[in-house]
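One structure is given below, encoded as structure tokens.
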Amino acid sequence: MLRALLRRLTKLLLWLTALSVLLVLVLRWVPPPFTALMVERKIESWTSGESIDLERSWRPWKELPDDLKMSVIAAEDQKFAGHWGFDIAAIRAAFEHNERGGSLRGASTLSQQVAKNLFLWSGRSWLRKGLEVWFTGWIELLWPKQRILEVYLNSVEWGVGIFGAEAAAQHHFGIGAPYLSASQASQLAAVLPNPREWNAGRPGPHVRSRAAWIRKQVRQLGGSGYLNKLRTSESRDGNPER
């Protein structure tokens with residue numbers, strides 16, 4: 001009986017593994033209709049008795065402004081074009097910082113954040129981190145860099161019930177995502193560490209200071225020219241350019 005149970009568990013694990021890889025492959029081309037984080041936020045609102053409406057509209061890569069792409073890269077993952085999903089130096093620095101105590105510091109790349117937002121739940125546990133590594137690896141292997149950034153910008157949380165660049169631009173500035181200015185893009189990127197508490201449309205001193213730092217980082221990275229590295233890495237890896 002034990003041997004039969006182990007066979008069934010092994011078969012189930014193999015099926016789940018194959019399905020997870022197939023799902024990542026399909027989402028290379030198909031816009032995800034929702035994310036795990038959106039489901040989590042909806043359930044949280046039900047349990048708290050304060051139901052929220054989720055706002056999200058998909059914008060393809062060509063309609064997303066370079067200023068927003070670069071602001072997010074500058075704020076969240078400046079080595080995005082060069083790594084394979086994990087910034088080892090940042091992980092080591094965060095581990096050493098956390099070992100010394102004080103506030104916890106993360107080191108998630110944009111690829112890791114896409115994996116978590118799309119497929120997983122919030123919170124800190126070894127199980128979730130292990131699954132995050134699994135999905136991040138497959139995302140990096142199967143998706144071009146531009147696709148990773150495209151999905152990130154269309155899925156990231158930018159306020160209570162606000163997901164993706166289009167909903168964020170409409171909510172905070174009353175305009176579509178393609179019309180965001182460099183200043184507005186930097187303010188959106190500045191609130192990403194705490195989007196449900198900080199307001200991109202009505203930024204406080206901390207957000208304004210962080211937004212100014214982000215604009216400076218964008219210039220130091222080479223502005224929109226940095227995005228050419230994403231196309232270069234895709235061509236080198238044999239992926240079609242977008």
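Chain labels follow the order of the structure tokens: the first chain is A, the next B, and so on; residue numbering restarts at 1 in every chain, and ligands are counted from 1 in their shown order.
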**OP:** For A:Ser122, please output as JSON, numbers by chain all residues within 12 Å (counting only C-alpha atoms; exclusion window: fewer than 2 positions along the same chain).
**Re:** {"A": [36, 37, 38, 39, 40, 41, 44, 113, 115, 116, 117, 118, 119, 120, 124, 125, 127, 128, 129, 132]}
Using N, CA and C atoms, can you write the selected residues to a file as a short mmCIF file (atom, residue, chain, number, x, y, z; two decimals), in the first residue's frame?
```cif
data_model
loop_
_atom_site.label_atom_id
_atom_site.label_comp_id
_atom_site.auth_asym_id
_atom_site.auth_seq_id
_atom_site.Cartn_x
_atom_site.Cartn_y
_atom_site.Cartn_z
N ALA A 36 -2.27 35.67 -9.03
CA ALA A 36 -2.51 35.13 -7.69
C ALA A 36 -2.65 36.24 -6.67
N LEU A 37 -1.88 37.32 -6.85
CA LEU A 37 -1.96 38.44 -5.90
C LEU A 37 -3.33 39.11 -5.96
N MET A 38 -3.90 39.23 -7.15
CA MET A 38 -5.23 39.81 -7.28
C MET A 38 -6.26 38.96 -6.55
N VAL A 39 -6.16 37.65 -6.70
CA VAL A 39 -7.08 36.74 -5.99
C VAL A 39 -6.90 36.88 -4.48
N GLU A 40 -5.65 36.95 -4.05
CA GLU A 40 -5.37 37.09 -2.63
C GLU A 40 -5.96 38.37 -2.07
N ARG A 41 -5.80 39.48 -2.79
CA ARG A 41 -6.34 40.75 -2.31
C ARG A 41 -7.86 40.73 -2.25
N GLU A 44 -8.84 38.71 0.80
CA GLU A 44 -8.58 39.53 2.00
C GLU A 44 -9.70 40.55 2.21
N GLN A 113 9.65 38.86 -8.88
CA GLN A 113 8.39 39.50 -8.52
C GLN A 113 7.27 39.07 -9.46
N ALA A 115 7.11 36.12 -10.93
CA ALA A 115 6.79 34.75 -10.51
C ALA A 115 5.89 34.76 -9.29
N LYS A 116 6.22 35.58 -8.30
CA LYS A 116 5.43 35.64 -7.08
C LYS A 116 4.04 36.20 -7.34
N ASN A 117 3.96 37.32 -8.06
CA ASN A 117 2.66 37.95 -8.30
C ASN A 117 1.72 37.07 -9.12
N LEU A 118 2.28 36.38 -10.11
CA LEU A 118 1.45 35.57 -11.00
C LEU A 118 0.97 34.28 -10.36
N PHE A 119 1.87 33.59 -9.65
CA PHE A 119 1.60 32.21 -9.29
C PHE A 119 1.50 31.92 -7.79
N LEU A 120 2.00 32.80 -6.94
CA LEU A 120 2.19 32.44 -5.54
C LEU A 120 1.46 33.38 -4.59
N ARG A 124 6.40 35.05 3.95
CA ARG A 124 7.76 34.52 3.91
C ARG A 124 7.77 33.10 4.43
N SER A 125 8.18 32.18 3.59
CA SER A 125 8.34 30.78 3.99
C SER A 125 9.30 30.13 3.01
N LEU A 127 8.90 27.26 1.65
CA LEU A 127 8.13 26.65 0.57
C LEU A 127 7.86 27.67 -0.53
N ARG A 128 7.39 28.86 -0.12
CA ARG A 128 7.09 29.87 -1.14
C ARG A 128 8.35 30.30 -1.89
N LYS A 129 9.46 30.47 -1.16
CA LYS A 129 10.70 30.87 -1.82
C LYS A 129 11.17 29.79 -2.78
N GLU A 132 9.09 30.02 -5.78
CA GLU A 132 9.47 31.25 -6.50
C GLU A 132 10.72 31.00 -7.35
#
```
**OP:** Report as a PyMOL selection string: the residues of stretch 58-148 of chain A with a DSSP assignment of alpha helix (DSSP H), based on the backbone of this structure.
**Re:** chain A and resi 66-76+88-99+110-119+126-142+145-148
For the residues in that selection, give me C-alpha atoms as a JSON list (two decimals), in the first residue's frame.
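File out.json, as written:
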```
[["chain", "number", "residue", "atom", "x", "y", "z"],
["A", 66, "ASP", "CA", 9.93, 53.96, -22.05],
["A", 67, "ASP", "CA", 9.99, 56.36, -19.09],
["A", 68, "LEU", "CA", 7.91, 53.92, -17.05],
["A", 69, "LYS", "CA", 9.91, 50.88, -18.14],
["A", 70, "MET", "CA", 13.15, 52.59, -17.18],
["A", 71, "SER", "CA", 11.82, 54.04, -13.93],
["A", 72, "VAL", "CA", 10.78, 50.58, -12.74],
["A", 73, "ILE", "CA", 14.12, 49.06, -13.76],
["A", 74, "ALA", "CA", 16.01, 51.87, -12.01],
["A", 75, "ALA", "CA", 13.93, 51.49, -8.86],
["A", 76, "GLU", "CA", 13.64, 47.72, -8.61],
["A", 88, "ILE", "CA", 23.34, 36.97, -6.30],
["A", 89, "ALA", "CA", 25.25, 40.00, -4.98],
["A", 90, "ALA", "CA", 22.01, 41.65, -3.83],
["A", 91, "ILE", "CA", 20.82, 38.43, -2.20],
["A", 92, "ARG", "CA", 24.11, 38.11, -0.31],
["A", 93, "ALA", "CA", 23.96, 41.75, 0.82],
["A", 94, "ALA", "CA", 20.34, 41.38, 1.96],
["A", 95, "PHE", "CA", 21.17, 38.20, 3.87],
["A", 96, "GLU", "CA", 24.06, 39.89, 5.68],
["A", 97, "HIS", "CA", 21.88, 42.93, 6.46],
["A", 98, "ASN", "CA", 19.08, 40.77, 7.85],
["A", 99, "GLU", "CA", 21.54, 38.74, 9.91],
["A", 110, "LEU", "CA", 11.71, 41.83, -11.49],
["A", 111, "SER", "CA", 11.63, 38.21, -12.67],
["A", 112, "GLN", "CA", 11.14, 36.95, -9.13],
["A", 113, "GLN", "CA", 8.39, 39.50, -8.52],
["A", 114, "VAL", "CA", 6.59, 38.37, -11.68],
["A", 115, "ALA", "CA", 6.79, 34.75, -10.51],
["A", 116, "LYS", "CA", 5.43, 35.64, -7.08],
["A", 117, "ASN", "CA", 2.66, 37.95, -8.30],
["A", 118, "LEU", "CA", 1.45, 35.57, -11.00],
["A", 119, "PHE", "CA", 1.60, 32.21, -9.29],
["A", 126, "TRP", "CA", 10.87, 28.37, 2.58],
["A", 127, "LEU", "CA", 8.13, 26.65, 0.57],
["A", 128, "ARG", "CA", 7.09, 29.87, -1.14],
["A", 129, "LYS", "CA", 10.70, 30.87, -1.82],
["A", 130, "GLY", "CA", 11.40, 27.44, -3.28],
["A", 131, "LEU", "CA", 8.41, 27.70, -5.63],
["A", 132, "GLU", "CA", 9.47, 31.25, -6.50],
["A", 133, "VAL", "CA", 12.89, 29.97, -7.56],
["A", 134, "TRP", "CA", 11.21, 27.26, -9.66],
["A", 135, "PHE", "CA", 8.88, 29.63, -11.52],
["A", 136, "THR", "CA", 11.56, 32.32, -11.89],
["A", 137, "GLY", "CA", 13.91, 29.86, -13.54],
["A", 138, "TRP", "CA", 11.32, 28.78, -16.10],
["A", 139, "ILE", "CA", 10.22, 32.38, -16.75],
["A", 140, "GLU", "CA", 13.81, 33.38, -17.51],
["A", 141, "LEU", "CA", 14.31, 30.32, -19.70],
["A", 142, "LEU", "CA", 11.08, 30.60, -21.71],
["A", 145, "LYS", "CA", 13.27, 39.96, -21.12],
["A", 146, "GLN", "CA", 10.82, 42.33, -22.75],
["A", 147, "ARG", "CA", 7.97, 39.93, -22.01],
["A", 148, "ILE", "CA", 9.00, 39.72, -18.35]]
```
**OP:** Find the spatial neighbours of A:Pro205, counting only C-alpha atoms, within a cut-off of 12 Å - ignore same-chain residues fewer than 6 positions away - and output them as a PyMOL selection string.
**Re:** chain A and resi 187+190-191+198-199+211-212
**OP:** In Å, rounded to a single decimal, give me how far atom CA of A:Ser155 is from atom CA of A:Thr47.
**Re:** 22.8 Å
**OP:** Please measure the separation of atom CA of A:Val24 and atom CA of A:Tyr152, giving the value in Å to one decimal.
**Re:** 13.9 Å
**OP:** Go ahead and compute the interatomic distance for atom CA of A:Ser186 and atom CA of A:Arg215, in Å to one decimal.
**Re:**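 Calculated distance between atom CA of A:Ser186 and atom CA of A:Arg215 is 6.3 Å.
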**OP:** Could you give me, as an MDAnalysis selection string, the residues within 6 Å of stretch 25-34 of chain A, counting only C-alpha atoms and dropping anything in the same chain fewer than 2 positions from it?
**Re:** chainID A and resid 22:23 143
Subject >> Contact residues around stretch 49-53 of chain A with only C-alpha atoms at 9 Å, ignoring same-chain residues under 3 positions, as an NGL selection string >> reply: :A and (41-46 or 160-162)
Selection file, N, CA and C atoms, as a PDB file, in the first residue's frame:
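Once written, part02.pdb looks like this:
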```
ATOM      1  N   ARG A  41      -5.796  39.477  -2.787  1.00  0.00           N
ATOM      2  CA  ARG A  41      -6.337  40.752  -2.312  1.00  0.00           C
ATOM      3  C   ARG A  41      -7.859  40.726  -2.248  1.00  0.00           C
ATOM      4  N   LYS A  42      -8.497  40.064  -3.218  1.00  0.00           N
ATOM      5  CA  LYS A  42      -9.951  39.967  -3.211  1.00  0.00           C
ATOM      6  C   LYS A  42     -10.438  39.161  -2.013  1.00  0.00           C
ATOM      7  N   ILE A  43      -9.778  38.055  -1.749  1.00  0.00           N
ATOM      8  CA  ILE A  43     -10.154  37.223  -0.600  1.00  0.00           C
ATOM      9  C   ILE A  43      -9.938  37.988   0.704  1.00  0.00           C
ATOM     10  N   GLU A  44      -8.837  38.713   0.800  1.00  0.00           N
ATOM     11  CA  GLU A  44      -8.579  39.532   1.996  1.00  0.00           C
ATOM     12  C   GLU A  44      -9.695  40.555   2.213  1.00  0.00           C
ATOM     13  N   SER A  45     -10.179  41.150   1.125  1.00  0.00           N
ATOM     14  CA  SER A  45     -11.238  42.156   1.267  1.00  0.00           C
ATOM     15  C   SER A  45     -12.546  41.525   1.732  1.00  0.00           C
ATOM     16  N   TRP A  46     -12.806  40.312   1.274  1.00  0.00           N
ATOM     17  CA  TRP A  46     -14.017  39.624   1.725  1.00  0.00           C
ATOM     18  C   TRP A  46     -13.946  39.302   3.214  1.00  0.00           C
ATOM     19  N   VAL A 160      -4.683  50.250  -3.640  1.00  0.00           N
ATOM     20  CA  VAL A 160      -5.713  49.316  -3.189  1.00  0.00           C
ATOM     21  C   VAL A 160      -6.626  48.965  -4.368  1.00  0.00           C
ATOM     22  N   GLY A 161      -6.529  47.724  -4.839  1.00  0.00           N
ATOM     23  CA  GLY A 161      -7.328  47.275  -5.970  1.00  0.00           C
ATOM     24  C   GLY A 161      -6.818  47.731  -7.320  1.00  0.00           C
ATOM     25  N   ILE A 162      -5.675  48.394  -7.372  1.00  0.00           N
ATOM     26  CA  ILE A 162      -5.119  48.940  -8.613  1.00  0.00           C
ATOM     27  C   ILE A 162      -3.964  48.063  -9.087  1.00  0.00           C
TER      28      ILE A 162
END
```
Subject >> Contacts of A:Arg59 within 8 Å, only C-alpha atoms, excl. fewer than 3 positions in-chain, as a PyMOL selection string >> reply: chain A and resi 63-64+154+165-166+177
**OP:** Check chain A with DSSP on the backbone and list each residue it calls strand (DSSP E or B), as an MDAnalysis selection string.
**Re:** chainID A and resid 55 157 162:163
Output for the residues just chosen: N, CA and C atoms as an mmCIF file, in the first residue's frame:
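Okay, selection16.cif is ready:
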```cif
data_model
loop_
_atom_site.group_PDB
_atom_site.id
_atom_site.type_symbol
_atom_site.label_atom_id
_atom_site.label_comp_id
_atom_site.auth_asym_id
_atom_site.auth_seq_id
_atom_site.Cartn_x
_atom_site.Cartn_y
_atom_site.Cartn_z
ATOM 1 N N GLU A 55 -9.088 46.815 -10.368
ATOM 2 C CA GLU A 55 -8.973 47.533 -11.634
ATOM 3 C C GLU A 55 -7.694 47.103 -12.352
ATOM 4 N N GLU A 157 1.069 45.670 -8.323
ATOM 5 C CA GLU A 157 0.083 46.402 -7.516
ATOM 6 C C GLU A 157 0.517 47.853 -7.362
ATOM 7 N N ILE A 162 -5.675 48.394 -7.372
ATOM 8 C CA ILE A 162 -5.119 48.940 -8.613
ATOM 9 C C ILE A 162 -3.964 48.063 -9.087
ATOM 10 N N PHE A 163 -4.125 47.454 -10.251
ATOM 11 C CA PHE A 163 -3.103 46.548 -10.775
ATOM 12 C C PHE A 163 -2.759 46.925 -12.212
#
```
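Proximity to A:Trp158 was assessed for A:Leu14, A:Leu54, A:Ala81, A:Ala182 counting only C-alpha atoms; the smallest distance is recorded for A:Leu54.
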